[in-house]
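Chemist: This structure is in structure tokens; I'll ask about it shortly.
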Amino acid sequence: MSSSSGCDCAVLGGGLIGLAVAWRAALGGLSVHLADPDPGAGASSAAAGMLAPVTEAHYGEERLLDLNLRSAQLYPSFADELSRFTDLPTGYDTRGTLAVAFDRDDRAVLAETAAYHRKLDLESTPLTGREARALEPMLAPGVQAALLVEHDHQVDNRLLHRALLAAAVRAGVRIHRSAAEIVVEDGRARGLRLESGEVLATDQVVLAAGCWSSETPGLPPGALPRIRPVRGQILRLAMGTQPLLARTIRAMVRGRYVYLVPRAHGELVIGATTDELGFDTSVTSGGVYELLRDAHEVVPGITELALVESRTGLRPGSPDNAPLLGQTALPGLIAATGHYRNGVLLTPVTADAIASLLIDGTIPGYAVPFSPQRFGGPSCA
Ligand code: GLY
């Protein structure tokens, strides 16, 4: 016979977003359960951990930029509070980012980017190739120009996940290592049913299942806009005790993007492809080749490093590539998903916004434009 546990809130998904929401909600006094068969095994551990609202700003995404900037501003206190709460590091690292251009066309794109930054009052400093190499001596002689963005930082997403898991447990969140389906009764979400049959009964279910969100068992048609998986192939190299780079390098190499993120503990993360191939998580020889080829054009010294990991992650892409935050078309079901390229960056602001909805019943104004119901279309009502 299946049992039932009542709680104030049940979270589906134990990645960075689900855990941060659960932690914040538990700190706010709610009883919280969270279900995930393997917390952090998805995009949370694949990501590179760049906190890069400025170098990832895109034309036409100014509303998302505001949210990204807000979350970047929250990071120092978020990371500090988390470390003090758990005694664990997060790898939050305020060394900046250098965006570099390789050939003339790449240079023209970088100049446009600089103009866009000026228009939006975003801080970035144009540098010549020579000035860029003075900052980063391992850059190739072929690098023609750069933009220094001091306020685009990074966090070690794997350390962050470990700390959030510890924080959630410490704050009283009950973690269930199980898949789950949404229980719907009388036209509203009533909880989560675990594989054991146990039901986590609640009036507030948070869907934080990343690219699997719209595939969640029990989700009625029309409850959520479609979330599509966007594969990123990503590599990890070992720099050892001789750091090759002092800051993150984001490069455009003959029209293709590649980034190199050096960790303080000696890892160099190189990413990432953008492949729309459904739930295929293969690492392809072509993907690895392209990443290494382009990274090598920018920093030739990478060929000396050991390649220690190649893997993929599936970014959760919403119809407009911005997150879904708040009440869905199914009463009782709250979305915290669809963060696409910005899941690590948007973790603090998502946690604050969704915890506020769970605790006080109101979503902050800055999150309103990201309502899951903004696309109109079918609903469950
Ligand atoms: N934000 C980096 C990526 O999605 O590859």
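Each chain of the structure tokens is named A, B, ... in the order shown, its residues numbered from 1; ligands are numbered from 1 in display order.
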Compute the set of protein, DNA and RNA residues whose minimum atom distance to ligand 1 is at most 6 Å, using only C-alpha atoms and all ligand atoms, and state it as JSON, numbers by chain.

Modeler: {"A": [272, 341, 342]}

Chemist: Any chance you can output those residues with N, CA, C and O atoms as an mmCIF file, in the first residue's frame?

Modeler:
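The resulting file, out04.cif, is reproduced below:
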data_model
loop_
_atom_site.group_PDB
_atom_site.id
_atom_site.type_symbol
_atom_site.label_atom_id
_atom_site.label_comp_id
_atom_site.auth_asym_id
_atom_site.auth_seq_id
_atom_site.Cartn_x
_atom_site.Cartn_y
_atom_site.Cartn_z
ATOM 1 N N ALA A 272 31.624 25.290 -25.686
ATOM 2 C CA ALA A 272 30.809 24.098 -25.734
ATOM 3 C C ALA A 272 30.053 24.137 -27.051
ATOM 4 O O ALA A 272 29.784 25.231 -27.584
ATOM 5 N N ARG A 341 21.128 28.721 -21.495
ATOM 6 C CA ARG A 341 22.576 28.875 -21.316
ATOM 7 C C ARG A 341 22.948 29.486 -19.976
ATOM 8 O O ARG A 341 24.119 29.699 -19.688
ATOM 9 N N ASN A 342 21.932 29.811 -19.151
ATOM 10 C CA ASN A 342 22.211 30.651 -17.975
ATOM 11 C C ASN A 342 21.811 30.027 -16.643
ATOM 12 O O ASN A 342 21.565 30.746 -15.678
#

Chemist: Can you tell me, as a count of residues only, which residues in range 117-363 of chain A count as strand (DSSP E or B) by DSSP?

Modeler: 85

Chemist: Go through A:Lys119, A:Arg315, A:Arg263, A:Arg174 one by one, measure the shortest atom-to-atom distance of each to Cys9 in chain A using only C-alpha atoms, and give the residue with the smallest value.

Modeler: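 Ranked by minimum distance to Cys9 in chain A, first place goes to A:Arg174.
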
Chemist: What's the separation between CA of Glu136 in chain A and CA of Ala101 in chain A, in Å to one decimal place?

Modeler: 13.8 Å

Chemist: Can you work out which one of A:Leu346, A:Ala48, A:Ile359, A:Leu110 has the shortest atom-to-atom distance to Ser71 in chain A, counting only C-alpha atoms?

Modeler: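 Closest residue, counting only C-alpha atoms: A:Leu346.
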
Chemist: Quick one: pick out all alpha helix (DSSP H) residues within range 58-232 of chain A from a backbone DSSP run and write them as number ranges by chain.

Modeler: A: 62-86, 104-119, 129-135, 157-170

Chemist: Give me, as an mmCIF file with C-alpha atoms, in the first residue's frame, all polymer residues having an atom no more than 8 Å from Asn68 in chain A, counting only C-alpha atoms and skipping those fewer than 2 positions away in the same chain.

Modeler:
data_model
loop_
_atom_site.group_PDB
_atom_site.id
_atom_site.type_symbol
_atom_site.label_atom_id
_atom_site.label_comp_id
_atom_site.auth_asym_id
_atom_site.auth_seq_id
_atom_site.Cartn_x
_atom_site.Cartn_y
_atom_site.Cartn_z
ATOM 1 C CA PRO A 53 25.830 38.477 -18.284
ATOM 2 C CA LEU A 64 16.907 38.548 -19.912
ATOM 3 C CA LEU A 65 20.034 40.674 -19.563
ATOM 4 C CA ASP A 66 18.408 42.559 -16.667
ATOM 5 C CA ARG A 70 20.536 41.004 -11.114
ATOM 6 C CA SER A 71 21.595 37.427 -10.463
ATOM 7 C CA ALA A 72 25.283 38.225 -11.048
ATOM 8 C CA ASN A 342 22.211 30.651 -17.975
ATOM 9 C CA LEU A 345 24.167 32.331 -13.427
ATOM 10 C CA LEU A 346 20.425 32.484 -12.708
#

Chemist: Work out how far CA of Arg188 in chain A is from CA of Arg228 in chain A, in Å to one decimal.

Modeler: 24.2 Å
